[in-house]
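Novice: Contents of structure_1.tsv (TSV, C-alpha atoms) are below:
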chain	number	residue	atom	x	y	z
I	21	MET	CA	-26.96	-136.51	-10.73
I	22	ARG	CA	-30.24	-134.77	-10.00
I	23	ALA	CA	-28.34	-131.74	-8.70
I	24	TYR	CA	-26.49	-131.39	-12.01
I	25	LEU	CA	-29.68	-131.77	-14.01
I	26	SER	CA	-31.18	-128.90	-12.03
I	27	VAL	CA	-28.25	-126.71	-13.09
I	28	TRP	CA	-28.35	-127.88	-16.72
I	29	ARG	CA	-32.03	-126.97	-16.93
I	30	LEU	CA	-31.36	-123.34	-16.07
I	31	PRO	CA	-32.09	-121.22	-19.16
I	32	SER	CA	-28.49	-120.21	-19.87
I	33	ALA	CA	-26.63	-123.18	-18.35
I	34	PRO	CA	-25.68	-124.88	-21.66
I	35	ALA	CA	-24.28	-121.64	-23.05
I	36	LEU	CA	-22.32	-120.89	-19.87
I	37	LEU	CA	-20.96	-124.41	-19.45
I	38	VAL	CA	-20.14	-125.19	-23.07
I	39	GLY	CA	-19.28	-121.62	-24.03
I	40	GLY	CA	-17.22	-121.22	-20.87
I	41	PHE	CA	-15.28	-124.40	-21.62
I	42	VAL	CA	-14.62	-123.48	-25.25
I	43	GLY	CA	-13.82	-119.86	-24.39
I	44	ARG	CA	-11.30	-120.88	-21.73
I	45	LEU	CA	-9.40	-123.31	-23.94
I	46	PRO	CA	-7.25	-120.53	-25.49
I	47	SER	CA	-5.90	-119.69	-22.02
I	48	ALA	CA	-4.47	-123.22	-21.83
I	49	MET	CA	-3.52	-123.43	-25.51
I	50	VAL	CA	-1.97	-120.13	-26.59
I	51	PRO	CA	0.90	-119.91	-24.02
I	52	LEU	CA	2.08	-123.43	-24.87
I	53	ALA	CA	1.56	-123.04	-28.62
I	54	LEU	CA	3.37	-119.68	-28.56
I	55	LEU	CA	6.25	-121.23	-26.64
I	56	LEU	CA	6.59	-124.02	-29.21
I	57	MET	CA	6.19	-121.67	-32.18
I	58	VAL	CA	8.77	-119.12	-31.02
I	59	GLN	CA	11.27	-121.79	-30.01
I	60	GLU	CA	10.86	-123.52	-33.37
I	61	ARG	CA	11.49	-120.29	-35.30
I	62	THR	CA	14.23	-118.76	-33.13
I	63	GLY	CA	15.84	-121.80	-31.53
I	64	SER	CA	15.80	-119.91	-28.23
I	65	TYR	CA	13.91	-121.14	-25.19
I	66	ALA	CA	14.74	-117.85	-23.46
I	67	VAL	CA	12.88	-115.77	-26.07
I	68	ALA	CA	10.08	-118.33	-26.24
I	69	GLY	CA	9.64	-118.33	-22.46
I	70	LEU	CA	9.72	-114.54	-22.32
I	71	ALA	CA	7.04	-114.26	-25.02
I	72	SER	CA	4.79	-116.82	-23.32
I	73	ALA	CA	5.26	-115.22	-19.88
I	74	THR	CA	4.55	-111.75	-21.28
I	75	LEU	CA	1.32	-112.97	-22.82
I	76	GLY	CA	0.20	-114.41	-19.48
I	77	ILE	CA	1.17	-111.32	-17.50
I	78	ALA	CA	-0.65	-109.01	-19.92
I	79	MET	CA	-3.75	-111.21	-19.77
I	80	ALA	CA	-3.75	-111.25	-15.95
I	81	GLY	CA	-3.00	-107.54	-15.63
I	82	MET	CA	-5.73	-106.37	-17.98
I	83	ALA	CA	-8.48	-108.60	-16.58
I	84	PRO	CA	-9.37	-106.51	-13.46
I	85	VAL	CA	-9.48	-103.33	-15.56
I	86	LEU	CA	-11.92	-104.90	-18.01
I	87	GLY	CA	-13.82	-106.51	-15.12
I	88	ARG	CA	-14.46	-103.11	-13.54
I	89	LEU	CA	-15.65	-101.73	-16.89
I	90	ALA	CA	-17.91	-104.76	-17.38
I	91	ASP	CA	-19.55	-104.24	-13.97
I	92	ARG	CA	-20.28	-100.58	-14.72
I	93	ARG	CA	-21.83	-101.26	-18.12
I	94	SER	CA	-22.11	-104.91	-19.17
I	95	PRO	CA	-19.64	-107.65	-20.12
I	96	ARG	CA	-21.48	-108.13	-23.41
I	97	PRO	CA	-19.92	-105.32	-25.52
I	98	ILE	CA	-16.49	-106.16	-24.11
I	99	LEU	CA	-16.81	-109.83	-25.07
I	100	LEU	CA	-18.08	-108.98	-28.55
I	101	ALA	CA	-15.26	-106.48	-29.11
I	102	GLN	CA	-12.69	-109.01	-27.91
I	103	ALA	CA	-14.20	-111.65	-30.22
I	104	VAL	CA	-13.12	-109.39	-33.09
I	105	VAL	CA	-9.84	-107.97	-31.78
I	106	TYR	CA	-8.32	-111.08	-30.15
I	107	PRO	CA	-8.09	-113.32	-33.26
I	108	LEU	CA	-6.72	-110.39	-35.25
I	109	LEU	CA	-3.96	-109.80	-32.70
I	110	LEU	CA	-3.20	-113.53	-32.63
I	111	ALA	CA	-2.86	-113.41	-36.42
I	112	VAL	CA	-0.45	-110.48	-36.06
I	113	LEU	CA	1.50	-112.42	-33.44
I	114	VAL	CA	1.79	-115.47	-35.71
I	115	ALA	CA	2.85	-113.30	-38.63
I	116	VAL	CA	5.49	-111.53	-36.54
I	117	VAL	CA	6.97	-114.80	-35.31
I	118	LEU	CA	6.94	-116.53	-38.71
I	119	ALA	CA	8.51	-113.47	-40.32
I	120	GLY	CA	11.49	-113.74	-37.96
I	121	ALA	CA	10.93	-110.36	-36.30
I	122	PRO	CA	13.32	-109.27	-33.51
I	123	ALA	CA	12.61	-110.49	-29.99
I	124	PRO	CA	11.26	-107.12	-28.69
I	125	VAL	CA	8.66	-107.10	-31.49
I	126	VAL	CA	7.60	-110.66	-30.65
I	127	VAL	CA	7.29	-109.77	-26.96
I	128	ALA	CA	5.25	-106.63	-27.78
I	129	ALA	CA	2.89	-108.63	-30.01
I	130	SER	CA	2.54	-111.22	-27.24
I	131	ALA	CA	1.60	-108.50	-24.75
I	132	ALA	CA	-1.04	-107.08	-27.10
I	133	ALA	CA	-2.62	-110.49	-27.68
I	134	GLY	CA	-2.59	-111.30	-23.96
I	135	ALA	CA	-4.27	-108.00	-23.06
I	136	ALA	CA	-7.08	-108.72	-25.54
I	137	THR	CA	-7.87	-112.21	-24.21
I	138	PRO	CA	-11.67	-112.50	-23.88
I	139	LEU	CA	-13.04	-111.94	-20.38
I	140	VAL	CA	-14.62	-115.38	-20.20
I	141	SER	CA	-13.81	-116.74	-16.74
I	142	GLY	CA	-14.75	-113.62	-14.78
I	143	THR	CA	-17.97	-113.16	-16.74
I	144	VAL	CA	-19.10	-116.77	-16.43
I	145	ARG	CA	-18.44	-116.84	-12.68
I	146	ALA	CA	-20.21	-113.51	-12.21
I	147	LEU	CA	-23.24	-114.93	-14.02
I	148	TRP	CA	-23.18	-118.11	-11.91
I	149	SER	CA	-23.13	-115.93	-8.78
I	150	ARG	CA	-26.56	-114.59	-9.86
I	151	THR	CA	-28.24	-117.99	-9.95
I	152	ASP	CA	-30.55	-119.43	-7.32
I	153	PRO	CA	-28.59	-120.08	-4.09
I	154	ARG	CA	-30.02	-123.62	-3.99
I	155	VAL	CA	-28.04	-124.59	-7.11
I	156	ARG	CA	-25.24	-122.03	-6.99
I	157	GLN	CA	-22.60	-124.24	-5.36
I	158	THR	CA	-23.38	-127.07	-7.79
I	159	ALA	CA	-23.01	-124.59	-10.65
I	160	PHE	CA	-19.64	-123.45	-9.31
I	161	ALA	CA	-18.61	-127.11	-8.95
I	162	LEU	CA	-19.42	-127.73	-12.61
I	163	ASP	CA	-17.53	-124.57	-13.52
I	164	ALA	CA	-14.46	-125.66	-11.55
I	165	THR	CA	-14.64	-129.13	-13.09
I	166	THR	CA	-14.82	-127.83	-16.64
I	167	THR	CA	-11.90	-125.50	-15.88
I	168	GLU	CA	-9.84	-128.52	-14.82
I	169	LEU	CA	-10.76	-130.25	-18.08
I	170	VAL	CA	-9.58	-127.18	-19.98
I	171	PHE	CA	-6.04	-127.78	-18.72
I	172	VAL	CA	-6.22	-131.43	-19.77
I	173	VAL	CA	-7.75	-130.92	-23.20
I	174	GLY	CA	-6.01	-127.65	-24.16
I	175	PRO	CA	-2.37	-128.86	-24.01
I	176	ALA	CA	-3.38	-132.17	-25.64
I	177	VAL	CA	-4.92	-130.31	-28.58
I	178	VAL	CA	-1.80	-128.14	-28.92
I	179	ALA	CA	0.46	-131.20	-28.86
I	180	ALA	CA	-1.62	-132.94	-31.52
I	181	LEU	CA	-1.78	-129.91	-33.82
I	182	ALA	CA	1.93	-129.20	-33.36
I	183	VAL	CA	2.76	-132.73	-34.50
I	184	LEU	CA	0.18	-133.03	-37.28
I	185	ALA	CA	0.50	-129.47	-38.59
I	186	ALA	CA	2.42	-126.69	-36.81
I	187	PRO	CA	2.25	-124.68	-33.56
I	188	ALA	CA	0.95	-121.73	-35.59
I	189	VAL	CA	-2.12	-123.80	-36.47
I	190	ALA	CA	-2.73	-124.37	-32.77
I	191	VAL	CA	-2.63	-120.60	-32.18
I	192	GLY	CA	-5.12	-120.06	-35.01
I	193	THR	CA	-7.42	-122.77	-33.66
I	194	ALA	CA	-7.32	-121.13	-30.24
I	195	GLY	CA	-8.40	-117.85	-31.83
I	196	LEU	CA	-11.44	-119.50	-33.42
I	197	LEU	CA	-12.37	-121.18	-30.13
I	198	ALA	CA	-12.09	-117.84	-28.34
I	199	VAL	CA	-14.53	-116.27	-30.78
I	200	ALA	CA	-17.01	-119.13	-30.38
I	201	GLY	CA	-16.85	-119.03	-26.56
I	202	ALA	CA	-17.05	-115.25	-26.24
I	203	VAL	CA	-19.97	-114.91	-28.66
I	204	SER	CA	-21.84	-117.79	-27.02
I	205	ILE	CA	-21.64	-116.15	-23.59
I	206	ALA	CA	-22.29	-112.63	-24.90
I	207	THR	CA	-25.51	-113.73	-26.62
I	208	SER	CA	-26.80	-115.98	-23.82
I	209	ARG	CA	-30.10	-115.28	-22.12
I	210	ALA	CA	-28.36	-114.60	-18.81
I	211	MET	CA	-26.20	-111.94	-20.44
I	212	ARG	CA	-29.15	-110.29	-22.14
I	213	ALA	CA	-30.81	-110.04	-18.72
I	214	TRP	CA	-27.72	-108.49	-17.12
I	215	GLU	CA	-28.51	-105.28	-15.26
I	216	PRO	CA	-25.51	-103.39	-13.88
I	217	ALA	CA	-25.74	-102.54	-10.20
I	218	PRO	CA	-25.95	-98.83	-9.35
I	219	HIS	CA	-22.50	-97.32	-9.71
I	220	VAL	CA	-20.72	-96.53	-6.45
I	221	GLN	CA	-17.66	-94.28	-6.50
I	222	SER	CA	-14.76	-96.38	-5.30
I	223	GLY	CA	-10.97	-96.56	-5.36
I	224	VAL	CA	-8.87	-98.73	-7.61
I	225	PHE	CA	-8.41	-101.41	-4.95
I	226	SER	CA	-11.74	-101.06	-3.14
I	227	THR	CA	-12.92	-104.48	-4.37
I	228	VAL	CA	-9.73	-106.14	-3.14
I	229	ARG	CA	-10.23	-104.55	0.29
I	230	ALA	CA	-13.87	-105.65	0.65
I	231	PRO	CA	-14.47	-107.57	3.92
I	232	GLY	CA	-13.31	-111.14	3.44
I	233	MET	CA	-11.63	-110.61	0.07
I	234	PRO	CA	-8.04	-110.19	1.34
I	235	ARG	CA	-8.13	-113.54	3.10
I	236	VAL	CA	-9.57	-115.32	0.06
I	237	LEU	CA	-7.04	-113.72	-2.28
I	238	ILE	CA	-4.02	-114.31	-0.02
I	239	SER	CA	-4.99	-117.89	0.78
I	240	GLY	CA	-5.71	-118.52	-2.90
I	241	ALA	CA	-2.31	-117.08	-3.83
I	242	ALA	CA	-0.52	-119.28	-1.28
I	243	LEU	CA	-2.33	-122.35	-2.58
I	244	MET	CA	-1.45	-121.53	-6.18
I	245	VAL	CA	2.23	-121.06	-5.31
I	246	GLY	CA	2.10	-124.70	-4.25
I	247	PHE	CA	0.28	-125.78	-7.40
I	248	GLY	CA	2.80	-123.92	-9.56
I	249	ALA	CA	5.61	-125.80	-7.84
I	250	ILE	CA	3.88	-129.11	-8.54
I	251	GLU	CA	3.52	-128.31	-12.24
I	252	VAL	CA	7.31	-127.96	-12.43
I	253	ALA	CA	8.18	-130.75	-10.00
I	254	VAL	CA	6.16	-133.49	-11.72
I	255	PRO	CA	7.98	-133.27	-15.09
I	256	ALA	CA	11.32	-133.12	-13.24
I	257	PHE	CA	10.29	-136.16	-11.17
I	258	ALA	CA	9.42	-138.11	-14.32
I	259	GLN	CA	12.73	-137.10	-15.91
I	260	ASP	CA	14.71	-138.26	-12.86
I	261	ALA	CA	12.75	-141.53	-12.83
I	262	GLY	CA	13.79	-142.20	-16.43
I	263	SER	CA	10.25	-141.82	-17.77
I	264	PRO	CA	9.99	-138.26	-19.16
I	265	GLY	CA	6.93	-139.23	-21.19
I	266	MET	CA	5.07	-139.85	-17.93
I	267	SER	CA	5.01	-136.16	-17.02
I	268	GLY	CA	1.95	-135.32	-19.11
I	269	VAL	CA	0.16	-138.44	-17.89
I	270	LEU	CA	0.86	-137.61	-14.25
I	271	LEU	CA	-0.40	-134.04	-14.58
I	272	ALA	CA	-3.48	-135.31	-16.42
I	273	VAL	CA	-4.13	-137.82	-13.62
I	274	TRP	CA	-3.92	-134.97	-11.10
I	275	SER	CA	-6.51	-133.00	-13.07
I	276	LEU	CA	-8.76	-136.04	-13.50
I	277	GLY	CA	-8.68	-136.59	-9.74
I	278	SER	CA	-9.82	-132.99	-9.37
I	279	VAL	CA	-12.62	-133.56	-11.89
I	280	ALA	CA	-13.84	-136.63	-9.99
I	281	GLY	CA	-13.74	-134.80	-6.66
I	282	GLY	CA	-15.51	-131.78	-8.12
I	283	LEU	CA	-18.36	-133.87	-9.52
I	284	TRP	CA	-18.80	-135.68	-6.21
I	285	PHE	CA	-18.68	-132.47	-4.15
I	286	GLY	CA	-21.08	-130.56	-6.39
I	287	ALA	CA	-23.84	-133.05	-5.73
I	288	ARG	CA	-23.55	-132.70	-1.94
I	289	VAL	CA	-25.60	-130.37	0.24
I	290	LEU	CA	-23.52	-129.24	3.21
I	291	SER	CA	-24.72	-127.35	6.26
I	292	ALA	CA	-21.31	-125.91	7.18
I	293	SER	CA	-20.65	-122.27	6.35
I	294	LEU	CA	-18.57	-121.44	3.28
I	295	PRO	CA	-15.55	-120.16	5.31
I	296	ARG	CA	-15.54	-123.37	7.34
I	297	GLN	CA	-15.82	-125.54	4.22
I	298	TYR	CA	-12.98	-123.58	2.64
I	299	ARG	CA	-10.74	-124.04	5.68
I	300	TRP	CA	-11.34	-127.79	5.88
I	301	LEU	CA	-10.84	-128.29	2.15
I	302	LEU	CA	-7.55	-126.38	2.27
I	303	LEU	CA	-6.49	-128.61	5.14
I	304	GLY	CA	-7.47	-131.65	3.07
I	305	THR	CA	-5.38	-130.32	0.18
I	306	THR	CA	-2.40	-129.90	2.50
I	307	ILE	CA	-2.74	-133.46	3.79
I	308	GLY	CA	-3.10	-134.77	0.23
I	309	LEU	CA	0.13	-133.06	-0.86
I	310	ALA	CA	2.16	-134.07	2.21
I	311	PRO	CA	3.26	-137.60	1.08
I	312	LEU	CA	4.43	-136.55	-2.41
I	313	ALA	CA	7.99	-135.60	-1.42
I	314	ALA	CA	8.63	-139.10	-0.02
I	315	VAL	CA	7.61	-140.97	-3.18
I	316	SER	CA	10.11	-142.55	-5.58
I	317	SER	CA	7.85	-144.43	-8.01
I	318	PRO	CA	5.94	-142.64	-10.81
I	319	TRP	CA	3.05	-145.07	-10.37
I	320	VAL	CA	2.73	-144.32	-6.66
I	321	LEU	CA	3.03	-140.62	-7.41
I	322	GLY	CA	0.21	-140.94	-9.95
I	323	LEU	CA	-2.04	-142.63	-7.38
I	324	LEU	CA	-1.31	-139.97	-4.76
I	325	LEU	CA	-1.82	-137.16	-7.28
I	326	PHE	CA	-5.22	-138.56	-8.17
I	327	LEU	CA	-6.24	-138.86	-4.51
I	328	GLY	CA	-4.81	-135.46	-3.57
I	329	GLY	CA	-6.27	-133.88	-6.69
I	330	SER	CA	-9.76	-134.94	-5.64
I	331	VAL	CA	-9.81	-132.04	-3.17
I	332	VAL	CA	-8.69	-129.38	-5.67
I	333	ALA	CA	-11.93	-128.72	-7.55
I	334	PRO	CA	-14.04	-128.74	-4.34
I	335	THR	CA	-11.63	-126.18	-2.86
I	336	LEU	CA	-11.88	-123.95	-5.93
I	337	THR	CA	-15.66	-124.40	-5.94
I	338	VAL	CA	-16.00	-123.05	-2.40
I	339	GLN	CA	-13.42	-120.34	-3.15
I	340	ASN	CA	-15.55	-119.10	-6.05
I	341	SER	CA	-18.70	-119.33	-3.93
I	342	LEU	CA	-17.02	-117.20	-1.29
I	343	VAL	CA	-15.99	-114.55	-3.79
I	344	GLY	CA	-19.49	-114.48	-5.26
I	345	SER	CA	-20.95	-114.04	-1.77
I	346	ILE	CA	-18.65	-111.33	-0.45
I	347	ALA	CA	-17.99	-109.28	-3.60
I	348	PRO	CA	-19.71	-105.88	-3.69
I	349	ALA	CA	-22.85	-106.03	-5.84
I	350	GLN	CA	-21.44	-103.42	-8.22
I	351	ALA	CA	-18.09	-105.25	-8.65
I	352	THR	CA	-18.82	-108.97	-9.04
I	353	THR	CA	-17.00	-109.45	-12.33
I	354	GLU	CA	-14.05	-107.39	-11.14
I	355	ALA	CA	-13.81	-109.52	-7.98
I	356	PHE	CA	-13.56	-112.72	-9.99
I	357	THR	CA	-10.97	-111.21	-12.31
I	358	TRP	CA	-8.87	-110.18	-9.31
I	359	LEU	CA	-9.04	-113.78	-8.09
I	360	SER	CA	-7.87	-115.02	-11.51
I	361	THR	CA	-5.09	-112.43	-11.69
I	362	VAL	CA	-3.74	-113.18	-8.22
I	363	THR	CA	-3.85	-116.95	-8.66
I	364	VAL	CA	-2.26	-116.89	-12.13
I	365	GLY	CA	0.54	-114.67	-10.85
I	366	ALA	CA	1.05	-116.82	-7.75
I	367	SER	CA	1.20	-119.97	-9.87
I	368	ALA	CA	3.96	-118.41	-11.97
I	369	VAL	CA	5.88	-117.49	-8.81
I	370	GLY	CA	5.48	-121.04	-7.53
I	371	ALA	CA	6.77	-122.46	-10.80
I	372	ALA	CA	9.81	-120.16	-10.67
I	373	LEU	CA	10.58	-121.01	-7.03
I	374	GLY	CA	10.01	-124.70	-7.68
I	375	GLY	CA	12.38	-124.60	-10.64
I	376	ALA	CA	15.05	-122.89	-8.55
I	377	LEU	CA	14.71	-125.54	-5.82
I	378	ILE	CA	14.93	-128.36	-8.38
I	379	GLU	CA	18.10	-126.87	-9.86
I	380	GLY	CA	19.60	-126.47	-6.37
I	381	SER	CA	20.46	-128.93	-3.62
I	382	ALA	CA	16.81	-129.39	-2.54
I	383	GLY	CA	15.92	-131.06	-5.83
I	384	VAL	CA	12.44	-132.33	-6.69
I	385	PRO	CA	11.57	-133.14	-3.04
I	386	GLY	CA	12.25	-129.49	-2.17
I	387	ALA	CA	9.75	-128.30	-4.78
I	388	LEU	CA	7.16	-130.76	-3.48
I	389	VAL	CA	7.75	-129.55	0.09
I	390	LEU	CA	7.16	-126.02	-1.21
I	391	ALA	CA	3.78	-127.21	-2.52
I	392	VAL	CA	2.83	-128.50	0.94
I	393	ALA	CA	4.06	-125.30	2.56
I	394	GLY	CA	1.95	-123.17	0.19
I	395	ALA	CA	-1.20	-125.11	1.07
I	396	ALA	CA	-0.37	-124.95	4.79
I	397	VAL	CA	0.07	-121.17	4.60
I	398	ALA	CA	-3.33	-120.97	2.90
I	399	VAL	CA	-4.89	-122.80	5.87
I	400	ALA	CA	-3.11	-120.47	8.32
I	401	VAL	CA	-4.44	-117.41	6.49
I	402	THR	CA	-8.03	-118.59	6.95
I	403	LEU	CA	-7.43	-118.81	10.71
I	404	VAL	CA	-6.45	-115.15	10.99
I	405	PRO	CA	-9.28	-113.20	12.67
I	406	GLY	CA	-10.94	-110.58	10.53
I	407	ARG	CA	-14.09	-108.57	10.08
I	408	ARG	CA	-17.26	-110.57	9.91
I	409	VAL	CA	-18.50	-110.98	6.35
I	410	VAL	CA	-22.12	-109.99	5.84
I	411	VAL	CA	-23.73	-111.49	2.75
I	412	PRO	CA	-26.40	-109.10	1.47
I	413	ALA	CA	-29.84	-110.35	0.59
I	414	VAL	CA	-30.42	-110.71	-3.13
I	415	SER	CA	-33.76	-110.30	-4.84
I	416	ARG	CA	-35.44	-113.29	-6.48
I	417	GLU	CA	-35.57	-111.38	-9.78
I	418	ARG	CA	-31.80	-111.14	-9.82
I	419	LEU	CA	-31.42	-114.81	-8.98
I	420	ALA	CA	-33.68	-115.83	-11.83
I	421	ALA	CA	-31.14	-114.58	-14.37
Output the file's structure in the form of structure tokens.

Specialist:
Amino acid sequence: MRAYLSVWRLPSAPALLVGGFVGRLPSAMVPLALLLMVQERTGSYAVAGLASATLGIAMAGMAPVLGRLADRRSPRPILLAQAVVYPLLLAVLVAVVLAGAPAPVVVAASAAAGAATPLVSGTVRALWSRTDPRVRQTAFALDATTTELVFVVGPAVVAALAVLAAPAVAVGTAGLLAVAGAVSIATSRAMRAWEPAPHVQSGVFSTVRAPGMPRVLISGAALMVGFGAIEVAVPAFAQDAGSPGMSGVLLAVWSLGSVAGGLWFGARVLSASLPRQYRWLLLGTTIGLAPLAAVSSPWVLGLLLFLGGSVVAPTLTVQNSLVGSIAPAQATTEAFTWLSTVTVGASAVGAALGGALIEGSAGVPGALVLAVAGAAVAVAVTLVPGRRVVVPAVSRERLAA
């Protein structure tokens, strides 16, 4: 607990933790609320799924572009601009859907709203990477834990608002939360102290090719393919077991296991290097996922998801620490946005592959085997020899931010 208090006492920690949590909620709320809203108005799951997927793709595709711009100048003006533009584009999206506009118009409005999603995750992680190394991993653990809570709380809020009011209200609420989170981070003390690193002329993919980054991105993508498969397999498992209502509970239990593991891990001080920690945690994730395909009871699955989930947040914590350590000084925000983009895309691929396996002869066990295979590939990627990563020394003044 003392380790977390040391993070909380940092000048900007409350703004980054609370603002980061609030500002990330729309990422978990808007895709689901949009899906429900479009399906309700059009009666088509195909159009609803296309609109939701387009929003996510636009959000992931625009993030590295904005991340590079933020590193060259500052994330602050970008966040403040998005705090104005994003809710307006969400309002346009709601109006388009409720007016019964044609599907191409709905998809275009979804793309515009997704592209304007506030750059919260990349900015918060870039700011955490500037904290004192003695508390940095604990800070990343808290960040990973709050991110897990986002995907528990966000869908629950959407479900409640959809029942009590309408999906459109959930979209509007997400817009207000986005404004609150973006403004909180943009006006924090850490952001006011942000000093862009000297600009270095570089190619479009120079950050992705930085020593160590390819392995982190590829291993992270493989892991998220597995997680995407799980997110599809668990509801299908619950349906086959005759308890479709258990699907949300099981996914929440998985996230809560991750929260518990993240809180435990963040308070530890480990002597092993970050690459070694990452490798062992990925192996632990693989082992935790291995028994899932052999389970037939939802209750046993819930127990195993909680235990296996306990390694997820620690793995993401070390993954973020690695990115913060190896990213070029002039491209920290961009590096974190690339990580988000790759993992979001990989999760979508995993969900699609998992769905195809479930519909085919492999069934739910096949999707769960895919999850294990994804984690195992992530471990294998970390074993591939590569250039030695040199972590540059950072001045105490920069760390004090």

Novice: Which of these residues is nearest to Val252 of chain I, using all atoms listed in the file: I:Val397, I:Val127, I:Val191, I:Ala387?

Specialist: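 Distance minimum relative to Val252 of chain I lands on I:Ala387.
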
Novice: Show which residues sit within 9 Å of Ala33 of chain I, as a ChimeraX atom specification. Count only C-alpha atoms, and ignore same-chain residues fewer than 6 positions away.

Specialist: /I:27,148,159,210

Novice: Would you please work out which residue, of I:Gly281, I:Pro234, I:Gly134, I:Gly365, is nearest to Gly329 of chain I when using only C-alpha atoms?

Specialist: I:Gly281

Novice: Which residue gives the smallest distance to Leu373 of chain I among I:Leu294, I:Leu109, I:Val245, I:Ala393, with all atoms listed in the file counted?

Specialist: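 Using all atoms listed in the file, the shortest distance to Leu373 of chain I belongs to I:Val245.
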
Novice: Considering all atoms listed in the file, can you say which of I:Arg29, I:Arg92, I:Arg296, I:Arg150 comes closest to Ala213 of chain I?

Specialist: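 Looking only at the distances to Ala213 of chain I, the closest residue turns out to be I:Arg150.
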
Novice: Quick one: residues within 6 Å of segment 102-105 of chain I, all atoms listed in the file counted, chain neighbours fewer than 3 positions away excluded, as a JSON list (two decimals) with C-alpha atoms, in the frame of the given file?

Specialist:
[["chain", "number", "residue", "atom", "x", "y", "z"],
["I", 99, "LEU", "CA", -16.81, -109.83, -25.07],
["I", 108, "LEU", "CA", -6.72, -110.39, -35.25],
["I", 138, "PRO", "CA", -11.67, -112.50, -23.88],
["I", 199, "VAL", "CA", -14.53, -116.27, -30.78]]

Novice: Find the residue from I:Ser263, I:Ser330, I:Thr352, I:Thr305 that sits nearest to Gly277 of chain I; use all atoms listed in the file when measuring.

Specialist: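 Closest residue, counting all atoms listed in the file: I:Ser330.
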
Novice: What is the distance, in Å and to one decimal place, between atom CA of Gly262 of chain I and atom CA of Met57 of chain I?

Specialist: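 Rounded to one decimal, the two atoms are 27.0 Å apart.
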
Novice: Give me the residues near Val338 of chain I as a PyMOL selection string, where near means some atom within 9 Å (using all atoms listed in the file) and where sequence neighbours in that chain fewer than 3 positions away do not count.

Specialist: chain I and resi 157+160-161+294-295+297-298+301+333-335+341-343

Novice: Draw an axis-aligned box tight on the listed atoms of segment 31-44 of chain I, then pad every side by 4 Å and write out centre and edge lengths in Å to one decimal as AutoDock Vina command-line options.

Specialist:
--center_x -21.7 --center_y -122.5 --center_z -21.8 --size_x 28.8 --size_y 13.3 --size_z 14.9

Novice: In the coordinate frame of the file, compute which residues have an atom within 9 Å of (-1.1, -117.7, -29.8) when using all atoms listed in the file, and state them as an MDAnalysis selection string.

Specialist: chainID I and resid 46 49:55 57 72 75 107 109:111 113:114 130 133:134 187:188 190:195

Novice: Select, from I:Ala241, I:Leu147, I:Leu327, I:Met233, the residue with the minimum atom-to-atom distance to Pro348 of chain I, counting all atoms listed in the file.

Specialist: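 Among the listed residues, I:Met233 lies closest to Pro348 of chain I.
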
Novice: At what distance in Å, to one decimal, does atom CA of Arg88 of chain I lie from atom CA of Val170 of chain I?

Specialist: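 Interatomic distance, atom CA of Val170 of chain I to atom CA of Arg88 of chain I: 25.4 Å.
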
Novice: What is the atom CA of Ser64 of chain I to atom CA of Ala128 of chain I distance in Å?

Specialist: 17.0 Å

Novice: Within 12 Å of (-7.7, -129.2, -21.4) (file coordinates; all atoms listed in the file), which protein or nucleic acid residues are there? I'd like them as a PyMOL selection string.

Specialist: chain I and resi 41-50+52+165-179+194+268+271-272+275-276+279

Novice: Please provide as a list in words all residues within 9 Å of Val126 of chain I, with the sequence filter that same-chain residues fewer than 5 positions apart are discarded (counting all atoms listed in the file).

Specialist: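 The neighbour list is Val58, Val67, Ala71, Leu113, Val116, Val117, Gly120, Ala121 and Ala131 of chain I.
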
Novice: Take the residues from that selection and put them in a file with C-alpha atoms, as an mmCIF file, in the frame of the given file.

Specialist:
data_model
loop_
_atom_site.group_PDB
_atom_site.id
_atom_site.type_symbol
_atom_site.label_atom_id
_atom_site.label_comp_id
_atom_site.auth_asym_id
_atom_site.auth_seq_id
_atom_site.Cartn_x
_atom_site.Cartn_y
_atom_site.Cartn_z
ATOM 1 C CA VAL I 58 8.770 -119.120 -31.020
ATOM 2 C CA VAL I 67 12.880 -115.770 -26.070
ATOM 3 C CA ALA I 71 7.040 -114.260 -25.020
ATOM 4 C CA LEU I 113 1.500 -112.420 -33.440
ATOM 5 C CA VAL I 116 5.490 -111.530 -36.540
ATOM 6 C CA VAL I 117 6.970 -114.800 -35.310
ATOM 7 C CA GLY I 120 11.490 -113.740 -37.960
ATOM 8 C CA ALA I 121 10.930 -110.360 -36.300
ATOM 9 C CA ALA I 131 1.600 -108.500 -24.750
#

Novice: Please provide as a PyMOL selection string all residues within 9 Å of Leu89 of chain I, with the sequence filter that same-chain residues fewer than 5 positions apart are discarded (counting only C-alpha atoms).

Specialist: chain I and resi 84+94-95+98+354
